file upload.txt (compact mmCIF, C-alpha atoms and all ligand atoms)
# COMPACT_ATOMS: atom_id res chain seq x y z
CA MET A 18 41.61 27.99 6.71
CA SER A 19 39.61 24.84 7.55
CA GLN A 20 41.28 21.44 7.31
CA GLN A 21 38.89 20.55 4.48
CA ARG A 22 40.00 23.69 2.59
CA LEU A 23 43.66 22.62 3.03
CA LYS A 24 42.79 19.19 1.61
CA ILE A 25 41.20 20.80 -1.44
CA GLU A 26 44.23 23.07 -1.95
CA VAL A 27 46.70 20.18 -1.81
CA ALA A 28 44.45 18.10 -4.06
CA ARG A 29 44.58 20.89 -6.64
CA ALA A 30 48.38 21.06 -6.34
CA ALA A 31 48.62 17.30 -6.99
CA LEU A 32 46.37 17.59 -10.01
CA LYS A 33 49.07 19.69 -11.75
CA HIS A 34 51.15 16.48 -11.96
CA VAL A 35 48.37 14.50 -13.66
CA GLU A 36 48.15 14.38 -17.46
CA ASP A 37 45.71 13.13 -20.05
CA GLY A 38 46.28 9.47 -20.93
CA MET A 39 48.07 8.66 -17.65
CA LEU A 40 47.83 5.42 -15.73
CA LEU A 41 47.33 6.62 -12.17
CA GLY A 42 47.45 4.88 -8.81
CA VAL A 43 44.95 6.32 -6.35
CA GLY A 44 45.11 5.96 -2.56
CA THR A 45 42.42 6.13 0.09
CA GLY A 46 41.14 8.65 2.62
CA SER A 47 39.58 12.07 2.93
CA THR A 48 42.48 13.92 1.23
CA VAL A 49 42.35 11.50 -1.69
CA ASN A 50 38.58 11.96 -1.82
CA ALA A 51 39.19 15.70 -2.29
CA PHE A 52 41.68 14.82 -5.05
CA ILE A 53 39.14 12.58 -6.82
CA ASP A 54 36.56 15.38 -6.67
CA GLU A 55 39.07 17.79 -8.24
CA LEU A 56 40.04 15.20 -10.85
CA GLY A 57 36.38 14.79 -11.79
CA ALA A 58 35.97 18.54 -12.22
CA SER A 59 39.22 18.96 -14.18
CA GLY A 60 38.27 17.38 -17.51
CA ILE A 61 41.50 15.30 -17.48
CA ARG A 62 40.96 11.96 -19.27
CA LEU A 63 43.09 9.21 -17.73
CA GLU A 64 43.88 5.96 -19.49
CA GLY A 65 42.71 4.47 -16.22
CA ALA A 66 43.43 4.15 -12.53
CA VAL A 67 44.43 1.42 -10.12
CA SER A 68 42.56 1.78 -6.86
CA SER A 69 43.76 1.03 -3.32
CA SER A 70 40.33 0.31 -1.82
CA ASP A 71 36.71 -0.48 -2.52
CA ALA A 72 35.76 3.02 -1.32
CA THR A 73 38.16 4.68 -3.78
CA THR A 74 37.01 2.39 -6.59
CA GLU A 75 33.42 3.49 -6.06
CA LYS A 76 34.39 7.17 -6.08
CA LEU A 77 36.57 6.82 -9.19
CA LYS A 78 33.81 5.03 -11.09
CA ALA A 79 31.36 7.75 -10.09
CA ILE A 80 33.49 10.33 -11.96
CA GLY A 81 33.83 8.05 -15.01
CA VAL A 82 37.39 6.73 -14.49
CA ASP A 83 38.14 3.17 -15.66
CA VAL A 84 39.41 1.19 -12.67
CA LEU A 85 42.01 -1.30 -13.86
CA ASP A 86 43.62 -4.48 -12.51
CA LEU A 87 47.27 -3.92 -11.55
CA ASN A 88 48.09 -7.35 -12.98
CA ARG A 89 47.19 -6.02 -16.41
CA THR A 90 48.58 -2.50 -16.26
CA GLY A 91 52.18 -3.14 -15.28
CA ASP A 92 53.97 -0.22 -13.62
CA LEU A 93 52.13 3.03 -13.07
CA ALA A 94 53.42 6.50 -13.93
CA LEU A 95 52.19 8.14 -10.76
CA TYR A 96 50.63 7.31 -7.41
CA ILE A 97 48.72 9.91 -5.39
CA ASP A 98 47.89 9.15 -1.77
CA GLY A 99 47.59 10.71 1.67
CA ALA A 100 49.28 9.75 4.93
CA ASP A 101 48.67 9.76 8.66
CA GLU A 102 52.21 11.01 9.39
CA PHE A 103 55.34 11.93 7.47
CA ASP A 104 58.89 12.87 8.47
CA ALA A 105 61.60 14.99 6.86
CA HIS A 106 62.78 11.97 4.81
CA ARG A 107 59.24 11.52 3.38
CA ARG A 108 58.84 8.27 5.30
CA LEU A 109 55.23 7.67 6.23
CA ILE A 110 52.77 6.02 8.53
CA LYS A 111 49.68 4.99 6.58
CA GLY A 112 46.67 2.79 7.20
CA GLY A 113 44.40 5.00 9.27
CA GLY A 114 41.73 4.05 6.74
CA GLY A 115 42.83 0.40 6.76
CA ALA A 116 43.92 0.28 3.11
CA LEU A 117 47.67 0.03 3.83
CA THR A 118 48.37 -3.25 2.02
CA ARG A 119 46.92 -2.25 -1.34
CA GLU A 120 48.45 1.19 -0.87
CA LYS A 121 51.88 -0.33 -0.36
CA ILE A 122 51.46 -2.57 -3.40
CA ILE A 123 50.55 0.40 -5.59
CA ALA A 124 53.38 2.52 -4.18
CA GLY A 125 55.76 -0.31 -5.07
CA ALA A 126 54.42 -0.46 -8.61
CA SER A 127 54.61 3.28 -9.23
CA LYS A 128 57.46 5.23 -10.77
CA ARG A 129 56.56 8.31 -8.72
CA PHE A 130 54.65 8.59 -5.43
CA ILE A 131 53.27 12.00 -4.50
CA CYS A 132 51.92 12.15 -0.97
CA ILE A 133 49.30 14.81 -0.24
CA VAL A 134 48.86 16.05 3.33
CA ASP A 135 48.10 19.05 5.44
CA GLU A 136 50.64 20.32 7.96
CA SER A 137 49.01 18.47 10.87
CA LYS A 138 50.63 15.28 9.50
CA ARG A 139 54.25 16.45 9.86
CA VAL A 140 56.32 14.91 12.70
CA ASN A 141 59.99 14.83 13.64
CA ILE A 142 59.93 11.14 14.49
CA LEU A 143 57.20 8.80 13.28
CA GLY A 144 55.01 7.09 15.84
CA GLU A 145 52.67 9.55 17.48
CA PHE A 146 49.98 7.99 15.29
CA PRO A 147 49.44 4.32 16.25
CA LEU A 148 51.01 2.09 13.61
CA PRO A 149 48.41 0.00 11.72
CA VAL A 150 49.41 -3.61 11.04
CA GLU A 151 47.25 -5.82 8.79
CA VAL A 152 47.04 -9.35 10.17
CA ILE A 153 45.65 -12.69 8.99
CA PRO A 154 42.82 -13.43 11.49
CA MET A 155 44.20 -16.75 12.83
CA ALA A 156 47.51 -15.06 13.69
CA ARG A 157 46.00 -12.17 15.67
CA SER A 158 47.20 -13.27 19.13
CA LEU A 159 50.61 -14.46 17.94
CA VAL A 160 51.26 -11.19 16.12
CA ALA A 161 50.07 -9.16 19.11
CA ARG A 162 52.54 -11.01 21.38
CA LYS A 163 55.41 -10.45 18.94
CA LEU A 164 54.55 -6.75 18.62
CA THR A 165 54.55 -6.48 22.41
CA GLY A 166 57.99 -8.11 22.32
CA LEU A 167 59.13 -5.31 19.99
CA GLY A 168 58.06 -2.78 22.63
CA GLY A 169 54.63 -1.90 21.22
CA GLN A 170 51.13 -1.90 22.67
CA PRO A 171 48.85 -3.45 20.05
CA GLU A 172 45.11 -2.94 20.08
CA LEU A 173 42.63 -4.68 17.81
CA ARG A 174 40.70 -2.21 15.63
CA GLU A 175 37.13 -2.99 16.70
CA ASP A 176 34.45 -3.95 14.16
CA PHE A 177 36.83 -3.56 11.23
CA THR A 178 37.74 -5.95 8.42
CA THR A 179 40.06 -4.87 5.61
CA ASP A 180 39.09 -5.14 1.93
CA ASN A 181 41.34 -8.24 1.96
CA GLY A 182 39.30 -9.91 4.74
CA ASN A 183 41.91 -9.34 7.47
CA LEU A 184 42.21 -7.55 10.82
CA ILE A 185 44.12 -4.44 11.87
CA LEU A 186 46.19 -4.12 15.02
CA ASP A 187 46.93 -0.47 15.88
CA VAL A 188 50.24 -0.34 17.73
CA ARG A 189 51.27 2.43 20.13
CA ASN A 190 54.65 3.22 21.68
CA LEU A 191 56.93 1.51 19.15
CA ASP A 192 60.36 3.07 18.87
CA LEU A 193 60.40 4.28 15.25
CA VAL A 194 63.69 6.18 15.30
CA ASP A 195 64.84 3.67 12.64
CA PRO A 196 61.62 3.05 10.67
CA VAL A 197 63.36 1.00 7.93
CA SER A 198 64.55 -1.54 10.46
CA MET A 199 61.19 -1.65 12.29
CA GLU A 200 59.32 -2.09 9.00
CA THR A 201 61.52 -5.10 8.22
CA LYS A 202 61.08 -6.61 11.69
CA ILE A 203 57.29 -6.28 11.74
CA ASN A 204 56.85 -7.56 8.20
CA GLN A 205 58.81 -10.71 9.10
CA ILE A 206 56.34 -11.76 11.82
CA PRO A 207 54.33 -14.75 10.54
CA GLY A 208 50.73 -13.69 9.97
CA VAL A 209 51.53 -10.03 9.25
CA VAL A 210 50.40 -9.04 5.78
CA THR A 211 52.16 -5.71 6.04
CA CYS A 212 52.56 -2.78 8.41
CA GLY A 213 51.73 0.84 7.69
CA LEU A 214 55.35 2.03 7.70
CA PHE A 215 56.37 3.31 4.28
CA ALA A 216 60.10 3.62 4.96
CA HIS A 217 61.63 1.17 2.48
CA ARG A 218 59.54 2.86 -0.18
CA PRO A 219 58.95 6.44 1.02
CA ALA A 220 57.08 9.06 -0.97
CA ASP A 221 59.12 10.74 -3.71
CA VAL A 222 57.46 14.07 -3.03
CA VAL A 223 55.28 15.31 -0.19
CA LEU A 224 52.94 18.18 -1.03
CA MET A 225 51.92 19.80 2.24
CA ALA A 226 49.11 22.33 2.51
CA THR A 227 49.76 25.13 5.00
CA GLU A 228 47.92 28.35 5.83
CA SER A 229 50.41 30.20 3.63
CA GLY A 230 50.39 27.87 0.62
CA ILE A 231 51.67 24.52 -0.64
CA GLU A 232 55.13 23.36 0.43
CA THR A 233 57.01 20.72 -1.57
CA ILE A 234 59.21 18.37 0.43
C1 LIG A 301 44.33 5.01 4.38
C2 LIG A 301 45.48 5.91 4.53
C3 LIG A 301 45.24 7.38 4.36
O1 LIG A 301 46.10 7.87 3.39
C4 LIG A 301 45.50 8.06 5.66
O2 LIG A 301 44.71 7.47 6.68
C5 LIG A 301 45.21 9.56 5.58
O3 LIG A 301 43.85 9.76 5.45
P1 LIG A 301 43.21 11.22 5.43
O4 LIG A 301 43.58 11.84 4.12
O5 LIG A 301 41.73 10.97 5.58
O6 LIG A 301 43.76 11.99 6.61
O7 LIG A 301 46.60 5.51 4.75
O8 LIG A 301 44.68 3.68 4.63

call {"tool": "encode", "arguments": {"input": "upload.txt", "output": "structure tokens"}}
result
Amino acid sequence: MSQQRLKIEVARAALKHVEDGMLLGVGTGSTVNAFIDELGASGIRLEGAVSSSDATTEKLKAIGVDVLDLNRTGDLALYIDGADEFDAHRRLIKGGGGALTREKIIAGASKRFICIVDESKRVNILGEFPLPVEVIPMARSLVARKLTGLGGQPELREDFTTDNGNLILDVRNLDLVDPVSMETKINQIPGVVTCGLFAHRPADVVLMATESGIETI
């Protein structure tokens, strides 16, 4: 099965958790794009959605979903998003698409977070995927030095600005055996908006598409 086919299968599995009249949080990325396509074809009428990126907003509007301001909605029933990596505790690395900050905000505001992935995203220990860190531009060098001090090798994501007007440092070789502690340490560096570790607030459920069907973790 192609990776795109796996994304469509897991998108369909996620759709079973979505009901008419729901307030839905929607993440960013190619798996979420498959989910939005399936949502559009499903006939489900949401009350509205809170979007994690400009790209997702555009796609949601194209299928007729009202995109709402989180400041007006209050908590959301459900958040659907992808991930770059996940472990057995449903802790994640996110931010490959650069939308990590809004994604983390929506995850924090959602009663339930369902993460949709294919099996290529499963790891024993997080950190094979470079950890994205969103940084205020004037703090770029300071944050890079501090991340090096934590054992990482940060690299500026070239020609990329987040929807919030910030930069991304992609960090290799961090020791993420204790991702909760590393998330805390990185988020305390002045100038860091947030890092792409979702360990304090992991997914509640991971739906993983495999060649032999959908696994629920
Ligand atoms: C965007 C993300 C995405 O969820 C992550 O990059 C996975 O994307 P894809 O579904 O395209 O593999 O965190 O910031």

call {"tool": "residues_near_ligand", "arguments": {"input": "upload.txt", "ligand": "ligand LIG 301 (chain A)", "cutoff": "8 Å", "atoms": "all atoms listed in the file", "output": "VMD selection string"}}
result
chain A and resid 24 44 to 50 98 to 101 110 to 117 120 133 to 134 213

call {"tool": "closest_residue", "arguments": {"input": "upload.txt", "among": "A:Val160, A:Val43, A:Ile122, A:Val152", "to": "A:Phe177", "atoms": "all atoms listed in the file"}}
result
A:Val152

call {"tool": "residues_around", "arguments": {"input": "upload.txt", "residues": "A:Leu40", "least_positions_apart": "6", "cutoff": "6 Å", "atoms": "only C-alpha atoms", "output": "mmCIF file with C-alpha atoms, in the frame of the given file"}}
result
data_model
loop_
_atom_site.group_PDB
_atom_site.id
_atom_site.type_symbol
_atom_site.label_atom_id
_atom_site.label_comp_id
_atom_site.auth_asym_id
_atom_site.auth_seq_id
_atom_site.Cartn_x
_atom_site.Cartn_y
_atom_site.Cartn_z
ATOM 1 C CA GLU A 64 43.880 5.960 -19.490
ATOM 2 C CA GLY A 65 42.710 4.470 -16.220
ATOM 3 C CA ALA A 66 43.430 4.150 -12.530
ATOM 4 C CA LEU A 93 52.130 3.030 -13.070
ATOM 5 C CA ALA A 94 53.420 6.500 -13.930
#

call {"tool": "residues_around", "arguments": {"input": "upload.txt", "residues": "A:Thr227", "least_positions_apart": "2", "cutoff": "10 Å", "atoms": "all atoms listed in the file", "output": "PyMOL selection string"}}
result
chain A and resi 18+20+23-24+26-27+134-137+224-225+229-232

call {"tool": "atom_distance", "arguments": {"input": "upload.txt", "atom1": "atom CA of A:Cys212", "atom2": "atom CA of A:Leu41"}}
result
23.2 Å

call {"tool": "closest_residue", "arguments": {"input": "upload.txt", "among": "A:Thr201, A:Gln170, A:Ser127, A:Leu109", "to": "A:Gly91", "atoms": "only C-alpha atoms"}}
result
A:Ser127

call {"tool": "residues_around", "arguments": {"input": "upload.txt", "residues": "A:Ile53", "least_positions_apart": "3", "cutoff": "8 Å", "atoms": "all atoms listed in the file", "output": "PyMOL selection string"}}
result
chain A and resi 49-50+56-57+76-77+80

call {"tool": "atom_distance", "arguments": {"input": "upload.txt", "atom1": "atom CA of A:Cys132", "atom2": "atom CA of A:Val223"}}
result
4.7 Å

call {"tool": "atom_distance", "arguments": {"input": "upload.txt", "atom1": "atom CA of A:Thr211", "atom2": "atom CA of A:Val150"}}
result
6.1 Å

call {"tool": "closest_residue", "arguments": {"input": "upload.txt", "among": "A:Ser59, A:Thr74, A:Ser158, A:Gln21", "to": "A:Ile206", "atoms": "all atoms listed in the file"}}
result
A:Ser158

call {"tool": "closest_residue", "arguments": {"input": "upload.txt", "among": "A:Ile234, A:Met199, A:Ile142, A:Leu95", "to": "A:His217", "atoms": "all atoms listed in the file"}}
result
A:Met199

call {"tool": "decode", "arguments": {"input": "upload.txt", "residues": "stretch 216-227 of chain A", "atoms": "N, CA, C and O atoms", "output": "CSV table (one decimal), in the first residue's frame"}}
result
chain,number,residue,atom,x,y,z
A,216,ALA,N,5.1,16.0,25.1
A,216,ALA,CA,5.3,15.0,26.2
A,216,ALA,C,4.4,15.4,27.4
A,216,ALA,O,3.8,14.5,28.0
A,217,HIS,N,4.4,16.6,27.8
A,217,HIS,CA,3.5,17.1,28.9
A,217,HIS,C,2.1,16.8,28.5
A,217,HIS,O,1.3,16.4,29.4
A,218,ARG,N,1.8,17.1,27.3
A,218,ARG,CA,0.4,16.8,26.8
A,218,ARG,C,0.5,15.9,25.6
A,218,ARG,O,0.6,16.3,24.4
A,219,PRO,N,0.6,14.6,25.8
A,219,PRO,CA,0.7,13.6,24.7
A,219,PRO,C,-0.7,13.5,24.0
A,219,PRO,O,-1.7,14.0,24.5
A,220,ALA,N,-0.7,12.7,23.0
A,220,ALA,CA,-2.0,12.3,22.4
A,220,ALA,C,-2.7,11.4,23.3
A,220,ALA,O,-2.1,10.7,24.1
A,221,ASP,N,-4.0,11.5,23.3
A,221,ASP,CA,-4.8,10.5,24.0
A,221,ASP,C,-4.9,9.2,23.3
A,221,ASP,O,-5.0,8.1,24.0
A,222,VAL,N,-5.0,9.3,22.0
A,222,VAL,CA,-5.1,8.1,21.2
A,222,VAL,C,-4.2,8.3,20.0
A,222,VAL,O,-4.2,9.4,19.4
A,223,VAL,N,-3.4,7.2,19.6
A,223,VAL,CA,-2.8,7.3,18.3
A,223,VAL,C,-3.4,6.3,17.4
A,223,VAL,O,-3.6,5.1,17.8
A,224,LEU,N,-3.9,6.7,16.2
A,224,LEU,CA,-4.4,5.8,15.2
A,224,LEU,C,-3.3,5.6,14.2
A,224,LEU,O,-2.9,6.6,13.6
A,225,MET,N,-2.8,4.4,14.0
A,225,MET,CA,-1.7,4.1,13.2
A,225,MET,C,-2.1,3.2,12.0
A,225,MET,O,-2.6,2.1,12.2
A,226,ALA,N,-1.9,3.7,10.8
A,226,ALA,CA,-2.2,2.9,9.6
A,226,ALA,C,-1.1,2.0,9.3
A,226,ALA,O,0.1,2.4,9.3
A,227,THR,N,-1.4,0.7,9.2
A,227,THR,CA,-0.4,-0.3,8.8
A,227,THR,C,-0.9,-1.0,7.5
A,227,THR,O,-2.1,-0.9,7.2
